[in-house]
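Student: Structure provided below as structure tokens; questions to follow.
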Amino acid sequence: MSSLLRLGRRVTNLRPLLSHGKWCSMSGGPDESSTSDDIGFSEMVLKFAEKATGLVEDKIISEDRRKISDDEKRIQAQGILGLILPCNAVLHVAFPITKDDGRLEVVNAWRAQHSHHRKPCKGGVRYSPDVTEDEVRALAALMTFKCAMVDVPFGGAKAGIKIDPLEYSVTELEKVTRRFTMELSKKGFIGPGLDVPAPDMGTGAREMSWIADTYSMTHGCTDINSYACVTGKPIPQGGIHGRESATGRGVYYSIRSFIRDADYCSEIGVLPGIAGKTFIVQGFGNVGLHSCRYLHREGAKCVGVMERDVSIVNREDGIDPKELEDYKLNNGGSIKGFPGAQETTENLLTAECDILIPAAGEKQITAEIAEQIQAKVVAEGANGPTTIAAEKILMDRNIMVIPDLFANAGGVTVSYFEWLKNLNHVSYGRLTWKHEEDSNNHLLDSVQRSLEAKFSGGRAGSIPITATPAFSARIAGASEKDIVNSGLEYTMERSAKQIMRAVREYNLGLDLRTAAYVCALQKIYTVYLAAGITL
Ligand code: NAD
């Protein structure tokens, strides 16, 4: 018997998860998931994936030219696809820290490594009082599919620490972060080739810097690549220009890819183009702020912002993201009282706008909200903001959902660039700037001399050739930021095309999520096949 046939049998207990592209119940009973919001987050992610699994399975079988029966092919395909869905490993740690007032507190934290089909595993660290193991598992699974979607060669992971960062002093947060890093390190859950965390809700460059420092001063002290153990670091610690804004920039590219496509726009009833569109964002943190910035820069108008303590609107003039960012920074992290907008008690998720960007927590768009949404496009800056039941309603109402595993993949894409930079120990552009500048100046000089030789008897300076302002700006070659941003733009545009191709191939209409999962699953499948899990 082939090893895959054996594998196929071994994983048959996973089969209730897979059912030919239809929504099915993990318990095997009647499936209520398409009408109810009440399923766990990780079950929700698996159900999104398994809907695509059936489509991928059929394609694998139809394209398999070997002279074996269809049943045999199906068992083999299911064997590998069944391997992709479950979470490989979850670490739960509980550790003490001493608070500033001398009290001892026990902190609970998790790290889930969903997939090791590629290494290292990659995924953010979230600080939130609502963190659960289920949430961390769900986010880790999403990371696997997200990385595959945008061709970042990592497996998925995620960490969550169950604390409210607003309730902790900087000293306490540093203690929590450093101790958590030690726990990860002792148990093989961090390392440049093993598992590489990044920022997520409630964390940023500061926390990543503590993680890098703790790891490289302890277990990583003999590893020259130790700073590649985490991404999203400050620049002096090996961070990369453009990482902080990357997720929001990616959200913008994801919207642009679909909203400039005449077919998709006519499907949802809007005119192509971002300029002139109105948008609302939920969560004005890292992802929300930068999504706003790029949309605003392109001429869209931010008419509302929802935060955890207040919602604000300004339909007339729009809200300036930079002014709101500055206000938030100088107002203890709150947007309450911002003079450039009015407070409102309206639920802005359902308010009038063209584009809605959930950029806070998961399961915010429930069936009830979905019925009332007025936006034409929902771009998922957050992970898992739309429930299965809500998505079905949105699709029925011809509202386009740009799914998380594509829309917010800009962060992990640039994290990948940062990791590569750390392994190379050189910043992008450093080796070529001078050479490019010299080459470009030689080119201008050569053109000038040729023209002078032909038209003015070789009189030096008679026909001055000067660079245009645009060429002058690029004459010294691309900066790290230019390279990162163009790499991100290319990645997002290419992934959008892949999603559009899958939509056409499987006739998925506005079901961009299933199309994205199809793309991701096919890629992961081929990795397993190439790894020798074949016959
Ligand atoms: P963040 O902590 O920087 O910002 C989150 C913001 O949302 C905060 O300002 C918070 O006050 C606000 N918020 C929390 N609950 C809210 C609610 N119920 N209503 C309105 N506002 C609320 O976090 P972030 O890094 O911007 O992450 C936001 C989402 O984007 C998360 O789902 C995260 O997993 C996802 N994401 C983040 C990144 C990244 O690079 N940071 C990458 C991919 C996905």
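FYI, nothing fancy with the structure tokens labels: chains A, B, ... in order, residues from 1 per chain, ligands from 1 as they appear.
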DSSP on the backbone: which residues in segment 74-210 of chain A end up as alpha helix (DSSP H)? Give the answer as a PDB file with C-alpha atoms, in the first residue's frame.
Tutor:
ATOM      1  CA  ARG A  74      -9.788  10.941  -3.824  1.00  0.00           C
ATOM      2  CA  ILE A  75      -8.426   9.090  -0.811  1.00  0.00           C
ATOM      3  CA  GLN A  76      -4.959  10.382  -1.616  1.00  0.00           C
ATOM      4  CA  ALA A  77      -6.097  13.969  -2.169  1.00  0.00           C
ATOM      5  CA  GLN A  78      -8.142  13.909   1.021  1.00  0.00           C
ATOM      6  CA  GLY A  79      -5.155  12.536   2.909  1.00  0.00           C
ATOM      7  CA  ILE A  80      -3.035  15.558   2.132  1.00  0.00           C
ATOM      8  CA  LEU A  81      -5.845  18.103   2.347  1.00  0.00           C
ATOM      9  CA  GLY A  82      -6.789  16.615   5.715  1.00  0.00           C
ATOM     10  CA  LEU A  83      -3.243  17.228   6.878  1.00  0.00           C
ATOM     11  CA  ILE A  84      -3.465  20.919   6.097  1.00  0.00           C
ATOM     12  CA  GLU A 133      -6.723  29.353  23.129  1.00  0.00           C
ATOM     13  CA  ASP A 134      -9.439  29.018  20.491  1.00  0.00           C
ATOM     14  CA  GLU A 135      -8.726  32.518  19.213  1.00  0.00           C
ATOM     15  CA  VAL A 136      -4.999  31.849  18.999  1.00  0.00           C
ATOM     16  CA  ARG A 137      -5.593  28.586  17.115  1.00  0.00           C
ATOM     17  CA  ALA A 138      -7.906  30.364  14.672  1.00  0.00           C
ATOM     18  CA  LEU A 139      -5.450  33.173  14.038  1.00  0.00           C
ATOM     19  CA  ALA A 140      -2.601  30.688  13.548  1.00  0.00           C
ATOM     20  CA  ALA A 141      -4.629  28.772  10.941  1.00  0.00           C
ATOM     21  CA  LEU A 142      -5.446  32.019   9.172  1.00  0.00           C
ATOM     22  CA  MET A 143      -1.738  32.815   9.060  1.00  0.00           C
ATOM     23  CA  THR A 144      -1.002  29.555   7.247  1.00  0.00           C
ATOM     24  CA  PHE A 145      -3.523  30.394   4.539  1.00  0.00           C
ATOM     25  CA  LYS A 146      -2.506  34.056   4.424  1.00  0.00           C
ATOM     26  CA  CYS A 147       1.182  33.256   3.933  1.00  0.00           C
ATOM     27  CA  ALA A 148       0.333  30.818   1.143  1.00  0.00           C
ATOM     28  CA  MET A 149      -2.028  33.339  -0.462  1.00  0.00           C
ATOM     29  CA  VAL A 170       5.625  49.976  30.656  1.00  0.00           C
ATOM     30  CA  THR A 171       7.821  48.183  33.206  1.00  0.00           C
ATOM     31  CA  GLU A 172       5.169  45.516  33.737  1.00  0.00           C
ATOM     32  CA  LEU A 173       4.648  45.076  29.995  1.00  0.00           C
ATOM     33  CA  GLU A 174       8.377  44.637  29.544  1.00  0.00           C
ATOM     34  CA  LYS A 175       8.453  41.975  32.262  1.00  0.00           C
ATOM     35  CA  VAL A 176       5.539  40.112  30.656  1.00  0.00           C
ATOM     36  CA  THR A 177       7.120  40.264  27.205  1.00  0.00           C
ATOM     37  CA  ARG A 178      10.578  39.175  28.275  1.00  0.00           C
ATOM     38  CA  ARG A 179       9.259  36.326  30.417  1.00  0.00           C
ATOM     39  CA  PHE A 180       6.979  35.140  27.626  1.00  0.00           C
ATOM     40  CA  THR A 181       9.952  35.165  25.236  1.00  0.00           C
ATOM     41  CA  MET A 182      11.908  32.990  27.653  1.00  0.00           C
ATOM     42  CA  GLU A 183       8.989  30.557  27.871  1.00  0.00           C
ATOM     43  CA  LEU A 184       8.787  30.378  24.068  1.00  0.00           C
ATOM     44  CA  SER A 185      12.512  29.960  23.829  1.00  0.00           C
ATOM     45  CA  LYS A 186      12.747  27.142  26.391  1.00  0.00           C
ATOM     46  CA  ALA A 205       7.802  47.763  17.629  1.00  0.00           C
ATOM     47  CA  ARG A 206       8.542  48.258  21.347  1.00  0.00           C
ATOM     48  CA  GLU A 207       7.397  44.758  22.302  1.00  0.00           C
ATOM     49  CA  MET A 208       9.194  43.231  19.302  1.00  0.00           C
ATOM     50  CA  SER A 209      12.360  44.957  20.416  1.00  0.00           C
ATOM     51  CA  TRP A 210      12.086  43.377  23.902  1.00  0.00           C
TER      52      TRP A 210
END
Student: Select the residues contacting ligand 1 at a distance of at most 8 Å, based on only C-alpha atoms and all ligand atoms, then format the selection as a ChimeraX atom specification.
Tutor: /A:124,126,139,198-204,243-248,282-289,306-311,333-334,358-362,364,381-385,404,408-412
Student: Would you export the selected residues with N, CA and C atoms as a compact mmCIF listing (two decimals), in the first residue's frame, please?
Tutor:
# COMPACT_ATOMS: atom_id res chain seq x y z
N GLY A 124 1.63 36.95 14.51
CA GLY A 124 1.74 38.02 15.49
C GLY A 124 1.57 37.58 16.93
N ARG A 126 -0.55 38.90 20.22
CA ARG A 126 -1.65 39.77 20.59
C ARG A 126 -1.73 39.91 22.10
N LEU A 139 -6.33 32.19 14.67
CA LEU A 139 -5.45 33.17 14.04
C LEU A 139 -4.22 32.50 13.44
N ALA A 198 5.55 38.54 15.47
CA ALA A 198 5.45 39.88 14.87
C ALA A 198 4.39 40.65 15.67
N PRO A 199 4.19 41.92 15.38
CA PRO A 199 3.16 42.68 16.12
C PRO A 199 1.75 42.27 15.72
N ASP A 200 0.83 42.42 16.64
CA ASP A 200 -0.60 42.27 16.35
C ASP A 200 -1.32 43.20 17.33
N MET A 201 -2.58 42.97 17.56
CA MET A 201 -3.34 43.88 18.44
C MET A 201 -2.65 44.05 19.79
N GLY A 202 -2.48 45.29 20.18
CA GLY A 202 -1.94 45.57 21.52
C GLY A 202 -0.43 45.51 21.60
N THR A 203 0.24 45.20 20.48
CA THR A 203 1.71 45.17 20.50
C THR A 203 2.25 45.96 19.31
N GLY A 204 3.51 46.31 19.38
CA GLY A 204 4.13 47.08 18.29
C GLY A 204 5.64 46.91 18.34
N ARG A 243 7.59 48.63 7.48
CA ARG A 243 6.86 47.54 8.14
C ARG A 243 5.67 48.06 8.93
N GLU A 244 5.87 49.20 9.61
CA GLU A 244 4.81 49.69 10.49
C GLU A 244 3.52 49.98 9.70
N SER A 245 3.68 50.53 8.52
CA SER A 245 2.49 50.90 7.74
C SER A 245 2.06 49.81 6.77
N ALA A 246 2.81 48.68 6.75
CA ALA A 246 2.63 47.69 5.67
C ALA A 246 1.23 47.09 5.63
N THR A 247 0.65 46.79 6.78
CA THR A 247 -0.65 46.12 6.74
C THR A 247 -1.71 47.07 6.17
N GLY A 248 -1.69 48.32 6.65
CA GLY A 248 -2.66 49.30 6.13
C GLY A 248 -2.43 49.60 4.66
N GLN A 282 -13.27 50.77 11.51
CA GLN A 282 -13.48 50.35 12.90
C GLN A 282 -12.12 49.98 13.48
N GLY A 283 -11.67 50.73 14.49
CA GLY A 283 -10.35 50.49 15.07
C GLY A 283 -9.34 51.42 14.44
N PHE A 284 -8.87 52.40 15.23
CA PHE A 284 -7.89 53.35 14.70
C PHE A 284 -6.53 53.05 15.33
N GLY A 285 -6.10 51.79 15.17
CA GLY A 285 -4.76 51.39 15.64
C GLY A 285 -3.85 51.32 14.45
N ASN A 286 -2.91 50.39 14.49
CA ASN A 286 -1.93 50.29 13.41
C ASN A 286 -2.61 50.10 12.05
N VAL A 287 -3.46 49.09 11.95
CA VAL A 287 -4.05 48.77 10.64
C VAL A 287 -5.04 49.84 10.19
N GLY A 288 -5.91 50.26 11.12
CA GLY A 288 -6.94 51.25 10.78
C GLY A 288 -6.33 52.57 10.35
N LEU A 289 -5.36 53.05 11.12
CA LEU A 289 -4.73 54.35 10.80
C LEU A 289 -4.10 54.33 9.41
N MET A 306 -14.58 54.39 14.25
CA MET A 306 -15.08 53.78 15.48
C MET A 306 -13.90 53.35 16.34
N GLU A 307 -13.95 53.71 17.59
CA GLU A 307 -12.93 53.23 18.52
C GLU A 307 -13.65 52.54 19.67
N ARG A 308 -12.85 51.93 20.56
CA ARG A 308 -13.51 51.15 21.61
C ARG A 308 -14.30 52.04 22.57
N ASP A 309 -13.90 53.32 22.72
CA ASP A 309 -14.59 54.19 23.68
C ASP A 309 -15.51 55.22 23.02
N VAL A 310 -15.40 55.40 21.71
CA VAL A 310 -16.20 56.46 21.07
C VAL A 310 -16.22 56.25 19.56
N SER A 311 -17.28 56.74 18.93
CA SER A 311 -17.32 56.77 17.46
C SER A 311 -17.46 58.22 17.02
N GLY A 333 -4.02 58.25 23.89
CA GLY A 333 -4.41 57.08 23.09
C GLY A 333 -5.90 57.02 22.76
N SER A 334 -6.64 58.11 23.05
CA SER A 334 -8.07 58.11 22.73
C SER A 334 -8.38 59.16 21.67
N PRO A 358 -13.31 46.98 8.74
CA PRO A 358 -13.17 46.53 10.12
C PRO A 358 -11.69 46.30 10.40
N ALA A 359 -11.14 46.98 11.39
CA ALA A 359 -9.71 46.84 11.69
C ALA A 359 -9.51 46.74 13.21
N ALA A 360 -10.40 45.98 13.85
CA ALA A 360 -10.28 45.76 15.30
C ALA A 360 -10.32 44.26 15.57
N GLY A 361 -11.38 43.78 16.20
CA GLY A 361 -11.41 42.38 16.59
C GLY A 361 -12.18 41.50 15.62
N GLU A 362 -12.30 40.21 15.97
CA GLU A 362 -13.00 39.25 15.13
C GLU A 362 -14.50 39.25 15.41
N GLN A 364 -17.03 40.85 14.34
CA GLN A 364 -17.72 42.13 14.55
C GLN A 364 -18.91 42.26 13.62
N GLY A 381 -9.48 44.48 7.25
CA GLY A 381 -8.19 44.81 7.84
C GLY A 381 -7.92 43.91 9.04
N ALA A 382 -8.97 43.62 9.80
CA ALA A 382 -8.86 42.73 10.96
C ALA A 382 -8.86 41.28 10.50
N ASN A 383 -8.47 40.40 11.40
CA ASN A 383 -8.57 38.97 11.14
C ASN A 383 -9.92 38.47 11.61
N GLY A 384 -10.63 37.81 10.73
CA GLY A 384 -11.89 37.15 11.10
C GLY A 384 -13.02 38.08 11.52
N PRO A 385 -13.16 39.28 10.93
CA PRO A 385 -14.22 40.18 11.42
C PRO A 385 -15.63 39.78 10.99
N ASP A 404 -9.79 38.71 4.78
CA ASP A 404 -8.61 38.93 5.62
C ASP A 404 -7.34 38.27 5.09
N ASN A 408 -5.31 41.80 4.60
CA ASN A 408 -4.35 42.29 5.60
C ASN A 408 -3.01 41.55 5.55
N ALA A 409 -2.71 40.97 4.37
CA ALA A 409 -1.47 40.19 4.24
C ALA A 409 -0.23 41.06 4.01
N GLY A 410 -0.42 42.39 3.93
CA GLY A 410 0.73 43.27 3.71
C GLY A 410 1.73 43.20 4.85
N GLY A 411 1.22 43.00 6.07
CA GLY A 411 2.10 42.97 7.24
C GLY A 411 3.05 41.80 7.18
N VAL A 412 2.52 40.62 6.91
CA VAL A 412 3.39 39.45 6.90
C VAL A 412 4.31 39.47 5.68
Student: For Thr345 of chain A, which residue out of A:Pro321, A:Gly304, A:Gly239, A:Gly160 is the nearest one, using only C-alpha atoms?
Tutor: A:Gly304
Student: List the spatial neighbours of segment 437-439 of chain A as number ranges by chain - criterion: any atom at most 8 Å away, only C-alpha atoms, same-chain residues fewer than 3 positions off excluded.
Tutor: A: 433-434, 442-443, 475-477
Student: Could you tell me how far atom CA of Gly188 of chain A lies from atom CA of Thr526 of chain A, in Å and to one decimal?
Tutor: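 Straight-line distance from atom CA of Gly188 of chain A to atom CA of Thr526 of chain A works out to 26.9 Å.
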Student: List every residue of segment 121-309 of chain A that DSSP, applied to the backbone, labels as strand (DSSP E), and write the result as a ChimeraX atom specification.
Tutor: /A:121-127,155-161,195-199,278-282,301-306
Student: Deliver the residues from the most recent selection as a file, using N, CA and C atoms, as a CSV table (one decimal), in the first residue's frame.
Tutor:
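The resulting file, out.csv, is reproduced below:
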chain,number,residue,atom,x,y,z
A,121,CYS,N,7.6,29.1,11.3
A,121,CYS,CA,6.2,29.5,11.5
A,121,CYS,C,6.2,31.0,11.7
A,122,LYS,N,5.1,31.7,11.4
A,122,LYS,CA,5.1,33.1,11.4
A,122,LYS,C,3.7,33.6,11.9
A,123,GLY,N,3.7,34.6,12.8
A,123,GLY,CA,2.4,35.1,13.2
A,123,GLY,C,2.6,36.1,14.4
A,124,GLY,N,1.6,36.9,14.5
A,124,GLY,CA,1.7,38.0,15.5
A,124,GLY,C,1.6,37.6,16.9
A,125,VAL,N,1.8,38.5,17.8
A,125,VAL,CA,1.6,38.4,19.3
A,125,VAL,C,0.6,39.4,19.7
A,126,ARG,N,-0.5,38.9,20.2
A,126,ARG,CA,-1.7,39.8,20.6
A,126,ARG,C,-1.7,39.9,22.1
A,127,TYR,N,-1.9,41.1,22.6
A,127,TYR,CA,-2.1,41.4,24.0
A,127,TYR,C,-3.6,41.8,24.1
A,155,GLY,N,5.0,28.8,7.6
A,155,GLY,CA,3.8,28.2,8.2
A,155,GLY,C,3.2,29.2,9.1
A,156,GLY,N,1.9,28.9,9.5
A,156,GLY,CA,1.2,29.9,10.3
A,156,GLY,C,1.3,29.7,11.8
A,157,ALA,N,1.4,30.8,12.5
A,157,ALA,CA,1.4,30.7,14.0
A,157,ALA,C,0.8,31.9,14.5
A,158,LYS,N,0.5,32.0,15.8
A,158,LYS,CA,0.0,33.1,16.5
A,158,LYS,C,0.2,33.0,18.0
A,159,ALA,N,0.4,34.1,18.7
A,159,ALA,CA,0.5,34.1,20.1
A,159,ALA,C,-0.5,35.1,20.7
A,160,GLY,N,-1.0,34.8,21.9
A,160,GLY,CA,-1.9,35.7,22.6
A,160,GLY,C,-1.5,35.7,24.1
A,161,ILE,N,-1.4,36.9,24.6
A,161,ILE,CA,-1.2,37.0,26.1
A,161,ILE,C,-2.5,37.6,26.7
A,195,ASP,N,10.3,29.7,14.5
A,195,ASP,CA,9.0,30.4,14.8
A,195,ASP,C,9.3,31.9,15.0
A,196,VAL,N,8.7,32.7,14.2
A,196,VAL,CA,9.1,34.2,14.2
A,196,VAL,C,7.9,35.0,14.5
A,197,PRO,N,7.7,35.5,15.7
A,197,PRO,CA,6.5,36.4,16.0
A,197,PRO,C,6.6,37.8,15.3
A,198,ALA,N,5.6,38.5,15.5
A,198,ALA,CA,5.4,39.9,14.9
A,198,ALA,C,4.4,40.6,15.7
A,199,PRO,N,4.2,41.9,15.4
A,199,PRO,CA,3.2,42.7,16.1
A,199,PRO,C,1.7,42.3,15.7
A,278,THR,N,-16.4,57.2,-0.1
A,278,THR,CA,-16.4,57.5,1.3
A,278,THR,C,-16.1,56.2,2.0
A,279,PHE,N,-15.4,56.3,3.2
A,279,PHE,CA,-15.1,55.1,3.9
A,279,PHE,C,-15.2,55.3,5.4
A,280,ILE,N,-15.4,54.2,6.1
A,280,ILE,CA,-15.5,54.2,7.6
A,280,ILE,C,-14.6,53.1,8.1
A,281,VAL,N,-13.9,53.4,9.2
A,281,VAL,CA,-12.9,52.4,9.7
A,281,VAL,C,-13.3,52.1,11.2
A,282,GLN,N,-13.3,50.8,11.5
A,282,GLN,CA,-13.5,50.4,12.9
A,282,GLN,C,-12.1,50.0,13.5
A,301,LYS,N,-12.7,59.8,1.1
A,301,LYS,CA,-13.0,60.6,2.2
A,301,LYS,C,-13.4,59.7,3.4
A,302,CYS,N,-12.7,59.9,4.5
A,302,CYS,CA,-13.0,59.1,5.7
A,302,CYS,C,-14.1,59.8,6.5
A,303,VAL,N,-15.3,59.2,6.5
A,303,VAL,CA,-16.5,59.9,7.1
A,303,VAL,C,-16.8,59.4,8.5
A,304,GLY,N,-16.1,58.4,8.9
A,304,GLY,CA,-16.4,57.9,10.3
A,304,GLY,C,-15.3,57.0,10.8
A,305,VAL,N,-15.0,57.1,12.1
A,305,VAL,CA,-14.0,56.2,12.8
A,305,VAL,C,-14.7,55.7,14.1
A,306,MET,N,-14.6,54.4,14.3
A,306,MET,CA,-15.1,53.8,15.5
A,306,MET,C,-13.9,53.4,16.3
Student: Select, from A:Glu371, A:Ala460, A:Ala478, A:His296, the residue with the minimum atom-to-atom distance to Asp396 of chain A, counting only C-alpha atoms.
Tutor: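 Closest residue, counting only C-alpha atoms: A:Glu371.
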Student: Distance atom CA of Thr386 of chain A-atom CA of Phe417 of chain A, one decimal place?
Tutor: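 Atom CA of Thr386 of chain A sits 29.0 Å away from atom CA of Phe417 of chain A.
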